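Raw contents of final_22.txt, compact mmCIF, C-alpha atoms:
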# COMPACT_ATOMS: atom_id res chain seq x y z
CA MET A 193 6.51 18.52 -7.92
CA ALA A 194 10.18 18.32 -6.96
CA LEU A 195 11.06 17.74 -3.31
CA LYS A 196 12.53 21.24 -3.05
CA ASP A 197 9.17 22.71 -4.05
CA TYR A 198 7.14 21.03 -1.29
CA PRO A 199 5.34 23.47 1.04
CA VAL A 200 7.33 24.39 4.14
CA ASP A 201 4.25 24.51 6.39
CA GLU A 202 3.64 21.42 8.50
CA CYS A 203 0.14 20.30 9.47
CA LEU A 204 1.44 17.19 11.24
CA LEU A 205 3.30 18.44 14.28
CA GLN A 206 6.29 17.06 16.14
CA GLY A 207 5.77 14.94 19.21
CA ASN A 208 3.03 12.69 17.88
CA ALA A 209 2.40 9.27 19.39
CA SER A 210 3.36 7.08 16.40
CA CYS A 211 5.69 4.08 16.48
CA PRO A 212 9.28 4.53 15.23
CA GLY A 213 9.33 4.08 11.45
CA CYS A 214 5.56 4.60 11.23
CA PRO A 215 4.37 4.77 7.60
CA ALA A 216 1.11 6.50 8.53
CA THR A 217 2.96 9.59 9.72
CA ILE A 218 4.99 9.66 6.48
CA GLY A 219 1.77 9.48 4.51
CA LEU A 220 -0.03 12.04 6.67
CA ARG A 221 2.78 14.54 6.34
CA LEU A 222 2.77 14.25 2.53
CA VAL A 223 -1.03 14.30 2.25
CA LEU A 224 -1.40 17.38 4.45
CA LYS A 225 1.32 19.23 2.55
CA ALA A 226 -0.73 18.67 -0.59
CA LEU A 227 -4.10 19.53 0.98
CA GLY A 228 -3.00 22.51 3.06
CA LYS A 229 -4.51 23.95 6.24
CA LYS A 230 -7.96 24.56 4.74
CA THR A 231 -8.79 20.92 5.33
CA ILE A 232 -11.16 19.14 7.69
CA MET A 233 -10.13 15.54 8.30
CA VAL A 234 -12.46 12.80 9.52
CA ILE A 235 -10.69 9.92 11.28
CA PRO A 236 -12.33 6.68 12.49
CA ALA A 237 -10.84 4.22 14.97
CA CYS A 238 -7.35 3.42 13.64
CA CYS A 239 -3.70 4.04 14.46
CA THR A 240 -4.11 7.72 13.61
CA ALA A 241 -6.62 8.10 16.45
CA VAL A 242 -3.61 7.39 18.70
CA ILE A 243 -1.01 9.25 16.62
CA GLU A 244 -2.98 12.48 17.01
CA SER A 245 -2.29 12.40 20.80
CA LEU A 246 -4.63 12.69 23.78
CA TYR A 247 -6.85 15.66 24.66
CA PRO A 248 -6.10 18.47 25.41
CA HIS A 249 -3.06 18.07 23.14
CA THR A 250 -3.02 17.39 19.40
CA SER A 251 -0.52 16.52 16.69
CA PHE A 252 -2.60 18.14 13.93
CA ASP A 253 -2.71 21.76 12.87
CA ILE A 254 -6.07 21.28 11.11
CA PRO A 255 -9.60 20.55 12.38
CA VAL A 256 -10.18 16.83 12.97
CA MET A 257 -13.38 14.93 13.70
CA ASN A 258 -12.95 11.52 15.34
CA ILE A 259 -15.75 9.10 14.62
CA ALA A 260 -16.75 5.46 15.01
CA PHE A 261 -14.87 2.71 13.16
CA GLU A 262 -17.51 2.17 10.46
CA ALA A 263 -18.47 5.81 9.89
CA ALA A 264 -15.56 7.70 8.29
CA ALA A 265 -17.32 8.24 4.96
CA ALA A 266 -20.66 8.98 6.64
CA GLY A 267 -19.05 11.56 8.93
CA ALA A 268 -17.21 13.16 6.02
CA SER A 269 -20.50 13.29 4.10
CA GLY A 270 -22.06 15.23 6.96
CA VAL A 271 -19.16 17.70 7.11
CA GLU A 272 -19.30 18.22 3.36
CA ALA A 273 -23.07 18.80 3.47
CA ALA A 274 -22.70 21.39 6.24
CA LEU A 275 -20.00 23.27 4.33
CA ARG A 276 -22.10 23.17 1.18
CA GLN A 277 -25.08 24.59 3.10
CA GLN A 278 -22.84 27.44 4.27
CA GLY A 279 -21.62 28.09 0.73
CA ARG A 280 -18.04 27.22 1.67
CA THR A 281 -16.12 25.93 -1.35
CA ASP A 282 -12.60 26.67 -0.13
CA ILE A 283 -12.31 23.81 2.38
CA THR A 284 -11.35 20.24 1.48
CA VAL A 285 -13.07 17.41 3.34
CA ALA A 286 -10.89 14.32 3.65
CA ALA A 287 -11.59 11.00 5.33
CA TRP A 288 -8.42 9.24 6.51
CA ALA A 289 -8.93 5.59 7.47
CA GLY A 290 -6.99 2.36 7.71
CA ASP A 291 -7.68 -0.77 5.68
CA GLY A 292 -9.78 -2.34 8.44
CA GLY A 293 -12.08 0.68 8.47
CA THR A 294 -12.17 0.74 4.67
CA TYR A 295 -12.08 -2.81 3.27
CA ASP A 296 -14.23 -4.30 6.02
CA ILE A 297 -16.01 -2.26 8.68
CA GLY A 298 -16.44 0.96 6.69
CA ILE A 299 -17.16 -0.35 3.18
CA GLN A 300 -20.93 0.22 3.42
CA ALA A 301 -20.61 3.92 4.33
CA LEU A 302 -17.87 4.38 1.75
CA SER A 303 -19.88 2.79 -1.06
CA GLY A 304 -22.88 4.90 -0.11
CA ALA A 305 -20.89 8.14 -0.16
CA LEU A 306 -19.43 7.29 -3.57
CA GLU A 307 -22.86 6.38 -4.94
CA ARG A 308 -24.27 9.71 -3.66
CA ARG A 309 -21.38 11.52 -5.41
CA THR A 310 -20.22 13.20 -2.20
CA ASN A 311 -17.59 15.87 -2.86
CA PHE A 312 -14.77 14.60 -0.66
CA ILE A 313 -11.49 12.67 -0.74
CA TYR A 314 -11.44 9.28 0.92
CA ILE A 315 -7.88 8.18 1.73
CA CYS A 316 -7.12 4.65 2.90
CA TYR A 317 -3.67 4.12 4.39
CA ASN A 318 -3.30 0.39 3.95
CA ASN A 319 -0.97 -1.44 6.33
CA GLN A 320 -2.78 -4.71 5.52
CA ILE A 321 -3.86 -5.42 9.11
CA TYR A 322 -5.91 -4.15 12.02
CA SER A 323 -2.77 -2.69 13.53
CA ASN A 324 -4.14 -0.48 16.29
CA THR A 325 -6.14 -3.30 17.89
CA GLY A 326 -3.33 -5.85 17.95
CA ILE A 327 -2.36 -6.94 14.40
CA GLN A 328 -5.40 -8.98 13.36
CA ARG A 329 -6.17 -10.01 9.77
CA SER A 330 -8.17 -7.68 7.53
CA GLY A 331 -9.59 -8.01 4.04
CA ALA A 332 -6.35 -6.38 2.86
CA THR A 333 -4.05 -8.94 4.50
CA PRO A 334 -2.12 -10.94 1.87
CA TYR A 335 -2.41 -14.69 1.49
CA ALA A 336 -0.20 -16.71 3.87
CA ALA A 337 0.65 -13.71 6.07
CA TRP A 338 0.91 -14.19 9.83
CA THR A 339 -1.33 -12.12 12.07
CA THR A 340 -2.48 -12.75 15.63
CA THR A 341 -5.68 -14.30 14.20
CA THR A 342 -3.93 -16.20 11.37
CA VAL A 343 -0.95 -17.64 13.21
CA SER A 344 -0.16 -20.23 10.54
CA GLY A 345 -0.81 -17.80 7.68
CA LYS A 346 -3.99 -16.35 6.18
CA ASN A 347 -5.88 -18.81 3.96
CA GLU A 348 -7.47 -16.21 1.67
CA PHE A 349 -6.04 -13.76 -0.86
CA ARG A 350 -6.59 -10.07 -0.23
CA LYS A 351 -9.64 -8.20 -1.39
CA GLU A 352 -8.95 -6.04 -4.47
CA MET A 353 -10.42 -2.84 -3.08
CA GLY A 354 -9.24 -0.74 -5.99
CA GLU A 355 -11.35 -2.75 -8.40
CA ILE A 356 -14.38 -2.41 -6.11
CA ILE A 357 -13.89 1.36 -6.11
CA LEU A 358 -13.56 1.45 -9.91
CA ALA A 359 -16.97 -0.22 -10.18
CA HIS A 360 -18.47 2.99 -8.74
CA HIS A 361 -17.18 4.98 -11.74
CA ILE A 362 -16.17 7.98 -9.65
CA PRO A 363 -14.24 10.93 -11.16
CA TYR A 364 -10.88 9.94 -9.66
CA ALA A 365 -9.32 6.94 -7.95
CA ALA A 366 -5.68 6.09 -7.39
CA GLN A 367 -3.18 3.79 -5.69
CA THR A 368 0.17 4.99 -4.41
CA CYS A 369 2.72 4.22 -1.68
CA ILE A 370 4.44 6.22 1.06
CA SER A 371 7.80 5.30 -0.51
CA TYR A 372 7.05 7.54 -3.52
CA PRO A 373 6.43 11.04 -2.10
CA GLU A 374 6.18 12.77 -5.48
CA ASP A 375 3.53 10.28 -6.56
CA VAL A 376 1.57 10.75 -3.32
CA ILE A 377 1.57 14.53 -3.51
CA SER A 378 0.79 14.56 -7.24
CA LYS A 379 -2.28 12.35 -6.80
CA ILE A 380 -3.58 14.13 -3.71
CA THR A 381 -3.17 17.50 -5.45
CA LYS A 382 -5.03 16.25 -8.51
CA ALA A 383 -7.85 14.85 -6.36
CA LYS A 384 -8.16 18.13 -4.45
CA ASN A 385 -8.99 19.96 -7.67
CA ILE A 386 -11.64 17.50 -8.91
CA GLN A 387 -15.32 17.88 -8.03
CA GLY A 388 -17.12 14.84 -6.66
CA PRO A 389 -15.98 11.71 -4.81
CA LYS A 390 -12.30 10.75 -4.93
CA TYR A 391 -10.58 7.66 -3.51
CA ILE A 392 -6.85 7.26 -2.93
CA GLU A 393 -5.20 4.24 -1.33
CA ILE A 394 -1.69 4.49 0.08
CA LEU A 395 0.35 1.38 0.88
CA ALA A 396 1.79 1.84 4.38
CA PRO A 397 4.37 -0.86 5.32
CA CYS A 398 4.07 -1.35 9.10
CA PRO A 399 7.25 -2.41 10.99
CA PRO A 400 5.56 -4.10 14.00
CA GLY A 401 2.72 -5.57 11.95
CA TRP A 402 4.85 -6.87 9.08
CA ARG A 403 7.71 -7.67 11.47
CA PHE A 404 10.64 -5.90 9.86
CA SER A 405 13.21 -3.44 11.19
CA MET A 406 11.83 0.07 11.69
CA ASP A 407 14.52 1.58 9.42
CA LYS A 408 13.26 -0.42 6.41
CA THR A 409 9.81 1.16 6.02
CA VAL A 410 10.54 2.99 2.77
CA GLU A 411 12.48 0.04 1.35
CA MET A 412 9.54 -2.32 2.00
CA GLY A 413 7.25 -0.03 0.03
CA ARG A 414 9.62 0.14 -2.91
CA LEU A 415 10.06 -3.64 -2.96
CA ALA A 416 6.27 -4.05 -2.97
CA VAL A 417 6.09 -2.00 -6.18
CA ASP A 418 9.21 -3.58 -7.74
CA SER A 419 7.77 -7.07 -7.19
CA GLY A 420 4.30 -6.17 -8.46
CA ALA A 421 2.74 -6.99 -5.10
CA TRP A 422 1.49 -3.39 -5.17
CA SER A 423 0.90 -1.14 -8.15
CA LEU A 424 0.88 2.61 -8.76
CA TRP A 425 -2.06 3.73 -10.88
CA GLU A 426 -4.74 6.36 -11.26
CA CYS A 427 -8.12 6.32 -12.97
CA GLU A 428 -9.71 9.59 -14.06
CA ASN A 429 -13.21 9.39 -15.55
CA ASP A 430 -12.74 5.66 -16.24
CA VAL A 431 -9.40 6.20 -18.04
CA MET A 432 -6.75 4.05 -16.34
CA THR A 433 -3.08 5.06 -16.22
CA PHE A 434 -0.27 3.17 -14.52
CA ASN A 435 2.62 5.18 -13.08
CA GLY A 436 6.35 4.81 -12.56
CA LYS A 437 7.70 1.26 -12.42
CA SER A 438 4.17 -0.13 -12.49
CA LYS A 439 3.71 1.34 -15.97
CA LEU A 440 6.95 -0.30 -17.12
CA ILE A 441 5.89 -3.65 -15.63
CA LEU A 442 2.48 -3.41 -17.27
CA GLU A 443 4.04 -2.70 -20.67
CA LYS A 444 6.63 -5.47 -20.12
CA LYS A 445 9.48 -3.00 -20.52
CA ILE A 446 10.93 -4.29 -17.26
CA GLN A 447 10.32 -7.59 -15.47
CA ARG A 448 8.90 -7.44 -12.00
CA LYS A 449 11.00 -8.93 -9.23
CA PRO A 450 9.75 -12.19 -7.70
CA VAL A 451 7.35 -11.48 -4.84
CA GLU A 452 9.70 -13.56 -2.69
CA GLU A 453 12.16 -10.66 -2.88
CA TRP A 454 9.58 -8.61 -0.96
CA ILE A 455 8.18 -11.12 1.51
CA LYS A 456 11.46 -12.72 2.59
CA TYR A 457 12.34 -9.62 4.64
CA GLN A 458 9.04 -9.70 6.56
CA GLY A 459 8.67 -11.79 9.69
CA ARG A 460 4.98 -12.28 8.98
CA PHE A 461 6.02 -14.64 6.15
CA SER A 462 8.93 -16.35 7.95
CA HIS A 463 6.97 -19.60 8.30
CA LEU A 464 7.13 -19.93 4.49
CA PHE A 465 10.93 -20.30 4.69
CA ARG A 466 11.61 -21.98 8.05
CA PRO A 467 12.04 -24.71 9.12
CA GLN A 468 11.70 -25.53 5.40
CA ARG A 469 10.47 -23.76 2.29
CA ASP A 470 6.74 -23.96 1.66
CA GLU A 471 6.93 -24.28 -2.11
CA VAL A 472 3.18 -24.71 -2.51
CA ARG A 473 2.24 -21.43 -0.87
CA LEU A 474 5.19 -19.54 -2.35
CA LYS A 475 4.13 -20.63 -5.83
CA ALA A 476 0.52 -19.67 -5.08
CA ILE A 477 1.66 -16.14 -4.20
CA GLU A 478 3.64 -15.79 -7.44
CA ASP A 479 0.80 -17.24 -9.51
CA TYR A 480 -1.68 -14.85 -7.92
CA THR A 481 0.55 -11.88 -8.76
CA ASP A 482 1.07 -13.07 -12.34
CA ASN A 483 -2.68 -13.43 -12.78
CA LEU A 484 -3.27 -9.98 -11.29
CA TRP A 485 -0.96 -8.35 -13.81
CA GLU A 486 -2.45 -10.29 -16.70
CA ARG A 487 -5.85 -8.99 -15.63
CA TYR A 488 -4.45 -5.46 -15.56
CA ARG A 489 -3.11 -5.91 -19.10
CA LYS A 490 -6.38 -7.37 -20.34
CA CYS A 491 -8.78 -4.96 -18.67
CA TYR A 492 -6.96 -1.65 -18.45
CA THR A 493 -5.10 0.60 -20.85
CA THR A 494 -2.17 2.90 -20.13
CA LYS A 495 -0.93 6.11 -21.67
Would you mind writing the structure in this file as structure tokens?
Amino acid sequence: MALKDYPVDECLLQGNASCPGCPATIGLRLVLKALGKKTIMVIPACCTAVIESLYPHTSFDIPVMNIAFEAAAAGASGVEAALRQQGRTDITVAAWAGDGGTYDIGIQALSGALERRTNFIYICYNNQIYSNTGIQRSGATPYAAWTTTTVSGKNEFRKEMGEIILAHHIPYAAQTCISYPEDVISKITKAKNIQGPKYIEILAPCPPGWRFSMDKTVEMGRLAVDSGAWSLWECENDVMTFNGKSKLILEKKIQRKPVEEWIKYQGRFSHLFRPQRDEVRLKAIEDYTDNLWERYRKCYTTK
């Protein structure tokens, strides 16, 4: 869909409580344009629980159910079951959760909902930290990244949540990024029209959490894809397809940029460059990314 063809209606209203440059609001606006107003969204504890504003006001023009940190998929399962009991097939149920509530705290409920084949869309907006509670590490935090609980840099590489989701063999799963609006809307629209459980993860570069200027949010997302630190793909009925630049990187038609070109603009990695370069950890990051793409080439096919 071309930008000029996007719906005019807005489900995310002006005056929300997000930070300047917030990627979650970019993602929400795109997602809700694709889903439309016949949507019920289930939101656990996360930044969006603040973005939506305080009662009696709201920043959403759709019904929203707030629920406990670990229970987004369980709550969405209950909403879907109630609608099914009523014979309502015209309403989309969507869970919208951060990486902390997906990779870590909410993974049990999510796995259960996928295994039960719940007819809903689970959307993880991944800013790679527990942002709302003070920028702590999550399972999505990259290796060597600063957080308030990894002040010298995280010692572990991130969890590959996409591969965990693929192991459930659901009808549709995808990765995208807020910096590619056409890709976001295309994948959400496709998921909306598929029966059964769907999972979509959206990379959401966070200015205060990643420590970059608030006007660079979109650029940080594009650099993540250009460097191969993040990939754009979708998997429909176990058929994997890479999209955009990720497809070209996979097929070796273009060379990915060094991951250093992405991390050097983020204050959370500044300790890798000052007071002197940490060649060991910088090499480990590049090696990890090379190995990730070799695994993609070995295990997955592309159209």
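Restricting the calculation to all atoms listed in the file, the smallest distance between Cys398 of chain A and any of A:Asn429, A:Gln367, A:Ser303, A:Gln458 is found for A:Gln458.
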Please work out which residues fall within 12 Å of (-5.5, 16.7, -5.1), coordinates as given in the file, with all atoms listed in the file counting, and return them as a ChimeraX atom specification.
/A:222-228,231,284-286,312-315,364-366,375-392
Need the shell around Tyr457 of chain A: protein/DNA/RNA residues with any atom at most 9 Å away, counting only C-alpha atoms. Skip same-chain ones fewer than 5 positions apart. Format as a list in words?
Arg403, Phe404, Met412, Glu452 and Ser462 of chain A
Using only C-alpha atoms, which of the listed residues (A:Pro467, A:Gly459, A:Gly413, A:Pro400) sits closest to Gly326 of chain A?
A:Pro400
Segment 433-444 of chain A environment, 12 Å, only C-alpha atoms, sequence neighbours closer than 5 positions dropped, as a PyMOL selection string:
chain A and resi 364-369+372+374-376+378-379+414-428+449+481-482+484-495
Rank nothing, just name the residue among A:Pro334, A:Lys408, A:Met432, A:Pro373 nearest to Gly354 of chain A, using only C-alpha atoms.
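Result for the nearest residue to Gly354 of chain A: A:Met432.
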Nearest to Lys351 of chain A among A:Gly298, A:Ser405, A:Gly304, A:Asp291, with distances taken over only C-alpha atoms: which residue is it?
A:Asp291
With distances taken over all atoms listed in the file, which residue among A:Ala287, A:Ala336, A:Ala263, A:Leu246 lies nearest Ala476 of chain A?
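Closest to Ala476 of chain A, using all atoms listed in the file: A:Ala336.
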Which of these, A:Ile455, A:Ala332, A:Leu306, A:Leu275, has the shortest distance to His361 of chain A once you count all atoms listed in the file?
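Selected residue with least distance to His361 of chain A: A:Leu306.
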For segment 399-483 of chain A against segment 343-346 of chain A, with a cut-off of 9 Å and counting all atoms listed in the file, what is the closest atom pair and its distance in Å to one decimal for every residue that makes the cut, ordered by chain and number, as CSV?
residue,atom,partner,partner_atom,distance
A:Arg460,CA,A:Gly345,CA,8.1
A:Phe461,CA,A:Gly345,CA,7.7
A:His463,CA,A:Ser344,CA,7.5
A:Leu464,CA,A:Gly345,CA,8.8
One decimal place gives the atom CA of Leu195 of chain A-atom CA of Ile394 of chain A separation as 18.7 Å
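Coordinates place atom CA of Ser210 of chain A at a distance of 15.7 Å from atom CA of Tyr247 of chain A.
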Segment 205-208 of chain A environment, 9 Å, all atoms listed in the file, sequence neighbours closer than 5 positions dropped, as a ChimeraX atom specification:
/A:217,221,242-245,250-253
Compile the contact shell of Pro236 of chain A as a PyMOL selection string: residues with an atom at most 10 Å away, counting all atoms listed in the file, same-chain residues fewer than 4 positions apart removed.
chain A and resi 240-241+257-265+267+287-290+293-294+298
Centre and size of axis-aligned box enclosing segment 232-238 of chain A plus 8 Å each side, as AutoDock Vina command-line options:
--center_x -9.9 --center_y 11.3 --center_z 11.3 --size_x 21.1 --size_y 31.7 --size_z 23.3
One decimal, Å: what's the distance from atom CA of Met406 of chain A over to atom CA of Ile321 of chain A, could you say?
16.8 Å
Output segment 464-475 of chain A with N, CA and C atoms present, as a PDB file, in the coordinates of the input.
ATOM      1  N   LEU A 464       7.055 -19.396   5.857  1.00  0.00           N
ATOM      2  CA  LEU A 464       7.130 -19.930   4.490  1.00  0.00           C
ATOM      3  C   LEU A 464       8.562 -20.358   4.128  1.00  0.00           C
ATOM      4  N   PHE A 465       9.518 -20.002   4.977  1.00  0.00           N
ATOM      5  CA  PHE A 465      10.930 -20.300   4.690  1.00  0.00           C
ATOM      6  C   PHE A 465      11.591 -21.178   5.747  1.00  0.00           C
ATOM      7  N   ARG A 466      11.025 -21.195   6.959  1.00  0.00           N
ATOM      8  CA  ARG A 466      11.610 -21.980   8.050  1.00  0.00           C
ATOM      9  C   ARG A 466      10.503 -22.749   8.762  1.00  0.00           C
ATOM     10  N   PRO A 467      10.761 -23.986   9.188  1.00  0.00           N
ATOM     11  CA  PRO A 467      12.040 -24.710   9.120  1.00  0.00           C
ATOM     12  C   PRO A 467      12.387 -25.221   7.717  1.00  0.00           C
ATOM     13  N   GLN A 468      11.411 -25.186   6.774  1.00  0.00           N
ATOM     14  CA  GLN A 468      11.700 -25.530   5.400  1.00  0.00           C
ATOM     15  C   GLN A 468      10.813 -24.700   4.487  1.00  0.00           C
ATOM     16  N   ARG A 469      11.224 -24.574   3.238  1.00  0.00           N
ATOM     17  CA  ARG A 469      10.470 -23.760   2.290  1.00  0.00           C
ATOM     18  C   ARG A 469       9.091 -24.382   2.009  1.00  0.00           C
ATOM     19  N   ASP A 470       8.092 -23.528   2.004  1.00  0.00           N
ATOM     20  CA  ASP A 470       6.740 -23.960   1.660  1.00  0.00           C
ATOM     21  C   ASP A 470       6.511 -23.640   0.187  1.00  0.00           C
ATOM     22  N   GLU A 471       6.962 -24.546  -0.672  1.00  0.00           N
ATOM     23  CA  GLU A 471       6.930 -24.280  -2.110  1.00  0.00           C
ATOM     24  C   GLU A 471       5.503 -24.102  -2.640  1.00  0.00           C
ATOM     25  N   VAL A 472       4.571 -24.788  -2.031  1.00  0.00           N
ATOM     26  CA  VAL A 472       3.180 -24.710  -2.510  1.00  0.00           C
ATOM     27  C   VAL A 472       2.635 -23.300  -2.321  1.00  0.00           C
ATOM     28  N   ARG A 473       2.791 -22.759  -1.123  1.00  0.00           N
ATOM     29  CA  ARG A 473       2.240 -21.430  -0.870  1.00  0.00           C
ATOM     30  C   ARG A 473       3.068 -20.336  -1.550  1.00  0.00           C
ATOM     31  N   LEU A 474       4.372 -20.526  -1.642  1.00  0.00           N
ATOM     32  CA  LEU A 474       5.190 -19.540  -2.350  1.00  0.00           C
ATOM     33  C   LEU A 474       4.799 -19.473  -3.821  1.00  0.00           C
ATOM     34  N   LYS A 475       4.557 -20.612  -4.424  1.00  0.00           N
ATOM     35  CA  LYS A 475       4.130 -20.630  -5.830  1.00  0.00           C
ATOM     36  C   LYS A 475       2.740 -20.003  -5.977  1.00  0.00           C
TER      37      LYS A 475
END
